[in-house]
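Participant: This is the structure, below, for whatever I ask next.
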Amino acid sequence: MAAVSDSSTRAAGRPDLTALRRVVVKIGSNLLVDAETGALKRAWLDALVDDIAELRRHGVEVAVVSSGAISAGRRQLGLTRDSIRLEEKQAAAAAGQIRLAHAYQESLARHELTVAQILITLADTEERRRHLNARSTVGTLLSLGAVPVINENDTVATNEIRFGDNDRLAARVAAMIDAEALVLLSDVDGLYAGDPRRDPDAAFVPRVDAITPEIERMAGAAPRGYSTGGMVTKLAAARVALTAGCHMAIAQGHVDRPLRHMRESGRCTWFVAAEEPRAARKRWIAGSLSPAGRITVDDGAQKALRRGTSLLPAGVVAVGGTFERGDAVVVQDRQGRELARGLIAYSADAARRIAGRKSAEIADILGYSGREELIHRDDLALTTADDPALGDKAADDTAKEGER
């Protein structure tokens, strides 16, 4: 497949947002906040939320990664200089987050949608225990019908650990929650082969299937001011998204109803992933992580795993190694043959205590209510055969019923 697809192939390969399960939308500061006054653009936000509500009516789960906290808060604190110090940015973010959260709450309430604010740092997506916590929280909110609004935690981030721009933050979030598409709303309608401000004949690129040196050179030619992070960071975000099996679009945000506009006009650049998010995640688990321990399972659990179920404590006969929640472990049969690899939901000590017991007994044994599964099926990759049933809830429910 070519790295760049022309418009003749684009129509057939363009993802339809209304047909997807989970979408992340990233909003830049200049779309949401007036740079001169610091006022929120409430009419634009209401129009965007109308788009989000439309996707929700189609059954699409939507998470928002929103910039704008610093821009919205700095003038409230009298920070009107062009350049402000890191600690002043953190203070501005603390004030601006309240304004943003209130604006999202009011706008989403028009459609009887609940907003939930989440502030994260780079470590929350890279350190596996925190990654699992953040992934679980966002997933639970989406399943309950809420719209998570996510931003980098600027009040505690430093220059050394912060993402630096919300394009890459949005890509990390999309990868973390297995989103099928990420939409970067920007002040440019997509990727061009050259600088369109200098060359009006610069070719528009409607579809990209791989981040090649040719594509990277296009980003280097993009003009300044197109977005906070620029086209280079958008390509960095695309690389993260594609690796995670997530499609990504760059679309014009300075229009009324931007998501509807990109769907109806078709004017955007789609970066098209070669595989689905869950398949990409399981490939990462199976081949990219060093295991910290081993879980030995009985014959019944082995058969259940091959059906695509989660690993429940009842099927575990032994726990080896020293590990913490979120670490990678090998799952093996009684003969020591590797069956799968996964991210475990309990520490080694807790896993030993609940091994062989029913999930309903976990709270009594550990003194708190943890997850029913030792390793959830979404965090488990078979290594002896193709993973059969990604998301087969019926099989998982059958396994849970059997242990009761």
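Letters for chains follow the order of the structure tokens (A, B, ...), residue numbers begin at 1 for each chain, and ligand numbers begin at 1 in the order shown.
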Any idea what's packed within 6 Å of A:Arg377, counting only C-alpha atoms, ignoring anything in its chain fewer than 2 positions away? Could you give it as a list of chain:residue names?
Facilitator: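 Neighbouring residues, sequence-local ones excluded: A:Thr309, A:Ser310, A:Asp379, A:Leu380.
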Participant: Keeping C-alpha atoms for every residue in the selection just given, could you write it to a file as a PDB file, in the first residue's frame?
Facilitator:
```pdb
ATOM      1  CA  THR A 309     -12.076 -14.952  28.120  1.00  0.00           C
ATOM      2  CA  SER A 310     -10.367 -13.095  30.943  1.00  0.00           C
ATOM      3  CA  ASP A 379      -4.940  -6.857  28.693  1.00  0.00           C
ATOM      4  CA  LEU A 380      -4.237 -10.473  27.686  1.00  0.00           C
TER       5      LEU A 380
END
```
Participant: Could you pull out the residues in stretch 86-321 of chain A that DSSP calls strand (DSSP E) from the backbone, as a ChimeraX atom specification?
Facilitator: /A:115-120,147-152,181-186,191-192,204-205,207-208,247-252,268-271,293-297,316-321
Participant: Would you give me, as a list of chain:residue names, the residues in stretch 271-318 of chain A that DSSP reads as alpha helix (DSSP H)?
Facilitator: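 Those in stretch 271-318 of chain A that DSSP calls alpha helix (DSSP H) are A:Pro277, A:Arg278, A:Ala279, A:Ala280, A:Arg281, A:Lys282, A:Arg283, A:Trp284, A:Ile285, A:Ala286, A:Gly287, A:Ser288, A:Asp299, A:Gly300, A:Ala301, A:Gln302, A:Lys303, A:Ala304, A:Leu305, A:Arg306.
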Participant: Can those selected residues be exported to a file as a short mmCIF file (atom, residue, chain, number, x, y, z; two decimals), in the first residue's frame so that it contains all heavy atoms?
Facilitator:
```cif
data_model
loop_
_atom_site.label_atom_id
_atom_site.label_comp_id
_atom_site.auth_asym_id
_atom_site.auth_seq_id
_atom_site.Cartn_x
_atom_site.Cartn_y
_atom_site.Cartn_z
N PRO A 277 -7.45 -1.26 17.05
CA PRO A 277 -6.77 -0.92 18.31
C PRO A 277 -6.50 -2.11 19.22
O PRO A 277 -5.40 -2.22 19.77
CB PRO A 277 -7.75 0.06 18.96
CG PRO A 277 -8.49 0.68 17.81
CD PRO A 277 -8.63 -0.42 16.81
N ARG A 278 -7.46 -2.99 19.38
CA ARG A 278 -7.24 -4.11 20.32
C ARG A 278 -6.18 -5.07 19.80
O ARG A 278 -5.40 -5.62 20.57
CB ARG A 278 -8.55 -4.84 20.59
CG ARG A 278 -9.53 -4.01 21.41
CD ARG A 278 -10.71 -4.82 21.86
NE ARG A 278 -11.65 -4.01 22.61
CZ ARG A 278 -12.75 -4.47 23.17
NH1 ARG A 278 -13.07 -5.75 23.07
NH2 ARG A 278 -13.56 -3.67 23.84
N ALA A 279 -6.15 -5.28 18.49
CA ALA A 279 -5.12 -6.14 17.91
C ALA A 279 -3.74 -5.53 18.12
O ALA A 279 -2.78 -6.21 18.46
CB ALA A 279 -5.40 -6.38 16.43
N ALA A 280 -3.64 -4.21 17.93
CA ALA A 280 -2.36 -3.53 18.12
C ALA A 280 -1.92 -3.59 19.57
O ALA A 280 -0.75 -3.80 19.89
CB ALA A 280 -2.48 -2.07 17.67
N ARG A 281 -2.86 -3.41 20.49
CA ARG A 281 -2.55 -3.46 21.91
C ARG A 281 -2.05 -4.86 22.30
O ARG A 281 -1.07 -5.00 23.03
CB ARG A 281 -3.77 -3.08 22.74
CG ARG A 281 -3.56 -3.18 24.24
CD ARG A 281 -4.80 -2.71 24.99
NE ARG A 281 -4.69 -2.92 26.42
CZ ARG A 281 -4.02 -2.12 27.25
NH1 ARG A 281 -3.40 -1.06 26.77
NH2 ARG A 281 -3.96 -2.38 28.54
N LYS A 282 -2.72 -5.88 21.79
CA LYS A 282 -2.33 -7.24 22.15
C LYS A 282 -0.97 -7.61 21.54
O LYS A 282 -0.20 -8.36 22.15
CB LYS A 282 -3.43 -8.21 21.75
CG LYS A 282 -4.70 -7.97 22.55
CD LYS A 282 -5.61 -9.17 22.57
CE LYS A 282 -6.80 -8.91 23.49
NZ LYS A 282 -7.53 -10.12 23.87
N ARG A 283 -0.70 -7.08 20.38
CA ARG A 283 0.62 -7.31 19.79
C ARG A 283 1.71 -6.68 20.66
O ARG A 283 2.78 -7.25 20.87
CB ARG A 283 0.66 -6.75 18.37
CG ARG A 283 2.00 -6.90 17.69
CD ARG A 283 1.93 -6.55 16.19
NE ARG A 283 1.28 -5.27 15.97
CZ ARG A 283 1.87 -4.10 16.14
NH1 ARG A 283 3.13 -4.04 16.55
NH2 ARG A 283 1.23 -2.97 15.89
N TRP A 284 1.42 -5.48 21.18
CA TRP A 284 2.36 -4.80 22.08
C TRP A 284 2.57 -5.60 23.36
O TRP A 284 3.70 -5.80 23.81
CB TRP A 284 1.81 -3.41 22.40
CG TRP A 284 2.51 -2.70 23.52
CD1 TRP A 284 3.79 -2.23 23.51
CD2 TRP A 284 1.98 -2.39 24.81
NE1 TRP A 284 4.08 -1.63 24.73
CE2 TRP A 284 2.98 -1.71 25.54
CE3 TRP A 284 0.74 -2.61 25.42
CZ2 TRP A 284 2.79 -1.27 26.84
CZ3 TRP A 284 0.54 -2.15 26.71
CH2 TRP A 284 1.56 -1.50 27.41
N ILE A 285 1.50 -6.11 23.93
CA ILE A 285 1.61 -6.90 25.16
C ILE A 285 2.39 -8.18 24.91
O ILE A 285 3.25 -8.58 25.71
CB ILE A 285 0.21 -7.22 25.73
CG1 ILE A 285 -0.46 -5.94 26.24
CG2 ILE A 285 0.30 -8.26 26.84
CD1 ILE A 285 -1.91 -6.12 26.64
N ALA A 286 2.11 -8.84 23.79
CA ALA A 286 2.73 -10.13 23.51
C ALA A 286 4.21 -10.03 23.19
O ALA A 286 5.00 -10.90 23.55
CB ALA A 286 2.01 -10.81 22.35
N GLY A 287 4.63 -8.93 22.55
CA GLY A 287 5.99 -8.90 22.06
C GLY A 287 6.89 -7.80 22.56
O GLY A 287 8.09 -7.83 22.30
N SER A 288 6.35 -6.80 23.28
CA SER A 288 7.15 -5.63 23.60
C SER A 288 7.47 -5.46 25.08
O SER A 288 8.18 -4.54 25.45
CB SER A 288 6.42 -4.37 23.11
OG SER A 288 6.19 -4.44 21.72
N ASP A 299 -6.33 -26.80 33.64
CA ASP A 299 -6.80 -27.13 32.29
C ASP A 299 -8.06 -26.36 31.92
O ASP A 299 -8.23 -25.94 30.77
CB ASP A 299 -7.05 -28.63 32.19
CG ASP A 299 -5.78 -29.45 32.32
OD1 ASP A 299 -4.68 -28.86 32.16
OD2 ASP A 299 -5.86 -30.67 32.58
N GLY A 300 -8.94 -26.15 32.89
CA GLY A 300 -10.18 -25.42 32.60
C GLY A 300 -9.92 -23.97 32.22
O GLY A 300 -10.50 -23.45 31.26
N ALA A 301 -9.02 -23.33 32.94
CA ALA A 301 -8.67 -21.94 32.61
C ALA A 301 -7.98 -21.87 31.26
O ALA A 301 -8.20 -20.93 30.48
CB ALA A 301 -7.77 -21.37 33.70
N GLN A 302 -7.14 -22.88 30.95
CA GLN A 302 -6.46 -22.90 29.66
C GLN A 302 -7.47 -22.94 28.52
O GLN A 302 -7.34 -22.20 27.53
CB GLN A 302 -5.55 -24.13 29.59
CG GLN A 302 -4.78 -24.25 28.28
CD GLN A 302 -3.83 -25.44 28.28
OE1 GLN A 302 -3.54 -26.02 29.32
NE2 GLN A 302 -3.36 -25.82 27.11
N LYS A 303 -8.49 -23.78 28.65
CA LYS A 303 -9.51 -23.85 27.61
C LYS A 303 -10.30 -22.55 27.52
O LYS A 303 -10.64 -22.08 26.43
CB LYS A 303 -10.46 -25.02 27.91
CG LYS A 303 -9.81 -26.39 27.78
CD LYS A 303 -10.78 -27.50 28.15
CE LYS A 303 -10.10 -28.87 28.06
NZ LYS A 303 -11.03 -29.96 28.49
N ALA A 304 -10.57 -21.93 28.68
CA ALA A 304 -11.31 -20.68 28.69
C ALA A 304 -10.53 -19.56 28.00
O ALA A 304 -11.09 -18.75 27.26
CB ALA A 304 -11.66 -20.28 30.12
N LEU A 305 -9.23 -19.53 28.23
CA LEU A 305 -8.40 -18.50 27.61
C LEU A 305 -8.43 -18.63 26.09
O LEU A 305 -8.46 -17.61 25.37
CB LEU A 305 -6.95 -18.59 28.10
CG LEU A 305 -6.70 -18.23 29.57
CD1 LEU A 305 -5.23 -18.42 29.90
CD2 LEU A 305 -7.13 -16.80 29.85
N ARG A 306 -8.45 -19.84 25.60
CA ARG A 306 -8.49 -20.05 24.15
C ARG A 306 -9.81 -19.60 23.54
O ARG A 306 -9.90 -19.37 22.34
CB ARG A 306 -8.22 -21.52 23.84
CG ARG A 306 -6.76 -21.92 24.05
CD ARG A 306 -6.55 -23.40 23.88
NE ARG A 306 -5.13 -23.75 23.97
CZ ARG A 306 -4.67 -24.98 24.13
NH1 ARG A 306 -5.53 -26.00 24.20
NH2 ARG A 306 -3.38 -25.22 24.21
#
```
Participant: Could you pull the residues within 10 Å of stretch 259-263 of chain A, counting only C-alpha atoms, minus those fewer than 4 positions along the same chain, as a list in words?
Facilitator: Arg14, Pro15, Asp16, Leu17, Thr18, Val25, Ala47, Leu48, Val49, Asp50, Asp51, Ile52, Glu54, Leu55, Val183, Leu185, Asp189, Ala249, Ile250, Ala251, Gln252, Gly253, Val255, Arg267, Cys268 and Thr269 of chain A
Participant: What would the file look like if the residues just selected were written as a compact mmCIF listing (two decimals), in the first residue's frame with N, CA, C and O atoms?
Facilitator:
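Wrote it out as result-v7.txt, contents follow:
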```txt
# COMPACT_ATOMS: atom_id res chain seq x y z
N ARG A 14 -12.09 6.21 3.79
CA ARG A 14 -12.25 7.22 4.84
C ARG A 14 -13.11 6.67 5.97
O ARG A 14 -14.23 6.22 5.75
N PRO A 15 -12.61 6.68 7.19
CA PRO A 15 -13.43 6.22 8.31
C PRO A 15 -14.68 7.09 8.50
O PRO A 15 -14.64 8.30 8.28
N ASP A 16 -15.76 6.47 8.87
CA ASP A 16 -17.01 7.16 9.16
C ASP A 16 -17.14 7.29 10.68
O ASP A 16 -17.31 6.28 11.37
N LEU A 17 -17.06 8.51 11.20
CA LEU A 17 -17.09 8.70 12.65
C LEU A 17 -18.34 8.11 13.28
O LEU A 17 -18.29 7.58 14.39
N THR A 18 -19.47 8.21 12.59
CA THR A 18 -20.73 7.75 13.19
C THR A 18 -20.81 6.22 13.28
O THR A 18 -21.67 5.70 13.97
N VAL A 25 -11.50 13.48 20.49
CA VAL A 25 -11.45 14.76 19.78
C VAL A 25 -10.52 15.70 20.54
O VAL A 25 -10.71 15.92 21.74
N ALA A 47 -21.47 24.64 19.50
CA ALA A 47 -21.62 23.99 18.20
C ALA A 47 -20.85 22.67 18.17
O ALA A 47 -21.33 21.66 17.63
N LEU A 48 -19.64 22.66 18.74
CA LEU A 48 -18.88 21.41 18.81
C LEU A 48 -19.61 20.37 19.65
O LEU A 48 -19.69 19.19 19.28
N VAL A 49 -20.15 20.81 20.78
CA VAL A 49 -20.88 19.88 21.65
C VAL A 49 -22.12 19.33 20.94
O VAL A 49 -22.50 18.18 21.14
N ASP A 50 -22.73 20.13 20.07
CA ASP A 50 -23.84 19.61 19.25
C ASP A 50 -23.35 18.45 18.39
O ASP A 50 -24.07 17.45 18.21
N ASP A 51 -22.14 18.59 17.85
CA ASP A 51 -21.55 17.49 17.08
C ASP A 51 -21.32 16.26 17.95
O ASP A 51 -21.58 15.12 17.54
N ILE A 52 -20.78 16.48 19.16
CA ILE A 52 -20.52 15.37 20.07
C ILE A 52 -21.82 14.66 20.42
O ILE A 52 -21.89 13.42 20.45
N GLU A 54 -24.46 14.49 18.63
CA GLU A 54 -24.90 13.73 17.47
C GLU A 54 -24.18 12.39 17.39
O GLU A 54 -24.79 11.35 17.10
N LEU A 55 -22.87 12.40 17.64
CA LEU A 55 -22.14 11.13 17.66
C LEU A 55 -22.65 10.21 18.75
O LEU A 55 -22.79 9.00 18.55
N VAL A 183 -9.39 12.74 16.26
CA VAL A 183 -9.58 13.90 15.39
C VAL A 183 -8.88 15.09 16.02
O VAL A 183 -9.21 15.50 17.13
N LEU A 185 -8.66 18.81 15.81
CA LEU A 185 -9.25 20.02 15.26
C LEU A 185 -8.21 21.12 15.33
O LEU A 185 -7.67 21.42 16.40
N ASP A 189 -6.66 22.57 7.53
CA ASP A 189 -7.61 21.51 7.18
C ASP A 189 -6.95 20.20 6.81
O ASP A 189 -7.63 19.25 6.39
N ALA A 249 -7.25 11.98 12.16
CA ALA A 249 -7.60 13.00 11.16
C ALA A 249 -7.13 14.37 11.63
O ALA A 249 -7.19 14.68 12.82
N ILE A 250 -6.63 15.16 10.69
CA ILE A 250 -6.38 16.58 10.92
C ILE A 250 -7.46 17.34 10.17
O ILE A 250 -7.61 17.17 8.95
N ALA A 251 -8.24 18.14 10.88
CA ALA A 251 -9.39 18.81 10.27
C ALA A 251 -9.47 20.26 10.71
O ALA A 251 -8.99 20.62 11.80
N GLN A 252 -10.10 21.07 9.89
CA GLN A 252 -10.28 22.49 10.18
C GLN A 252 -11.24 22.67 11.35
O GLN A 252 -12.34 22.13 11.36
N GLY A 253 -10.80 23.44 12.36
CA GLY A 253 -11.64 23.68 13.51
C GLY A 253 -12.35 25.02 13.49
O GLY A 253 -13.35 25.22 14.19
N VAL A 255 -14.60 26.45 11.97
CA VAL A 255 -15.87 26.42 11.24
C VAL A 255 -16.97 26.06 12.23
O VAL A 255 -16.70 25.52 13.32
N ARG A 267 -13.22 17.28 3.72
CA ARG A 267 -11.96 18.01 3.63
C ARG A 267 -11.16 17.83 4.91
O ARG A 267 -11.35 18.53 5.92
N CYS A 268 -10.29 16.88 4.92
CA CYS A 268 -9.38 16.63 6.04
C CYS A 268 -8.36 15.61 5.57
O CYS A 268 -8.51 15.01 4.51
N THR A 269 -7.32 15.42 6.35
CA THR A 269 -6.34 14.38 6.07
C THR A 269 -6.54 13.24 7.05
O THR A 269 -6.49 13.45 8.27
```
Participant: Which of these residues is nearest to A:Ala273, using only C-alpha atoms: A:Ala63, A:Leu184, A:Ala134, A:Leu242?
Facilitator: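 Selected residue with least distance to A:Ala273: A:Leu242.
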Participant: So, with only C-alpha atoms as the atoms that count, which of A:Leu31, A:Ile215, A:Ala174, A:Met248 lies closest to A:Ala43?
Facilitator: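 Comparing A:Leu31, A:Ile215, A:Ala174, A:Met248 against A:Ala43, the winner is A:Leu31.
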Participant: Name all residues at most 10 Å from stretch 137-140 of chain A (count only C-alpha atoms; drop same-chain ones fewer than 4 positions away) and give them as a PyMOL selection string.
Facilitator: chain A and resi 22+61+63+116-118+131-133+144-150+173+176-178
Participant: Those selected residues, please, written with N, CA and C atoms and delivered as a compact mmCIF listing (two decimals), in the first residue's frame.
Facilitator:
```
# COMPACT_ATOMS: atom_id res chain seq x y z
N ARG A 22 -15.51 4.25 19.48
CA ARG A 22 -14.90 5.19 20.43
C ARG A 22 -14.01 6.18 19.68
N GLU A 61 -18.89 6.51 21.62
CA GLU A 61 -18.33 7.07 22.85
C GLU A 61 -17.30 8.13 22.47
N ALA A 63 -14.45 11.01 23.89
CA ALA A 63 -13.63 11.66 24.90
C ALA A 63 -13.00 12.90 24.26
N ALA A 116 -17.00 14.88 32.71
CA ALA A 116 -16.09 14.45 33.77
C ALA A 116 -14.70 14.98 33.43
N GLN A 117 -14.07 15.68 34.36
CA GLN A 117 -12.76 16.25 34.11
C GLN A 117 -11.66 15.31 34.59
N ILE A 118 -10.65 15.11 33.74
CA ILE A 118 -9.51 14.26 34.09
C ILE A 118 -8.23 15.01 33.73
N HIS A 131 -1.17 3.75 34.13
CA HIS A 131 -1.82 3.58 32.83
C HIS A 131 -3.11 2.78 32.98
N LEU A 132 -3.05 1.67 33.71
CA LEU A 132 -4.23 0.84 33.90
C LEU A 132 -5.31 1.59 34.67
N ASN A 133 -4.90 2.37 35.68
CA ASN A 133 -5.87 3.13 36.45
C ASN A 133 -6.57 4.16 35.58
N LEU A 144 -20.59 4.64 31.22
CA LEU A 144 -21.70 5.24 31.97
C LEU A 144 -22.33 6.40 31.22
N GLY A 145 -21.87 6.68 30.02
CA GLY A 145 -22.47 7.71 29.20
C GLY A 145 -21.91 9.10 29.39
N ALA A 146 -20.86 9.25 30.18
CA ALA A 146 -20.26 10.56 30.41
C ALA A 146 -19.31 10.92 29.27
N VAL A 147 -18.98 12.21 29.18
CA VAL A 147 -18.00 12.69 28.22
C VAL A 147 -16.77 13.15 29.00
N PRO A 148 -15.69 12.37 29.05
CA PRO A 148 -14.48 12.80 29.74
C PRO A 148 -13.81 13.96 29.00
N VAL A 149 -13.45 15.00 29.72
CA VAL A 149 -12.68 16.10 29.16
C VAL A 149 -11.31 16.04 29.82
N ILE A 150 -10.29 15.82 29.03
CA ILE A 150 -8.95 15.47 29.52
C ILE A 150 -7.97 16.58 29.14
N VAL A 173 -3.65 9.31 24.83
CA VAL A 173 -4.95 8.98 25.41
C VAL A 173 -5.71 8.03 24.50
N MET A 176 -4.29 4.68 24.79
CA MET A 176 -4.54 4.11 26.11
C MET A 176 -5.94 3.52 26.22
N ILE A 177 -6.93 4.16 25.61
CA ILE A 177 -8.32 3.71 25.77
C ILE A 177 -8.84 2.94 24.55
N ASP A 178 -7.93 2.54 23.64
CA ASP A 178 -8.32 1.78 22.45
C ASP A 178 -9.33 2.52 21.59
```
Participant: Rank A:Gly245, A:Gly190, A:Gly28, A:Gly96 by their smallest atom-to-atom distance to A:Gly73, using only C-alpha atoms, and report the top residue only.
Facilitator: A:Gly96
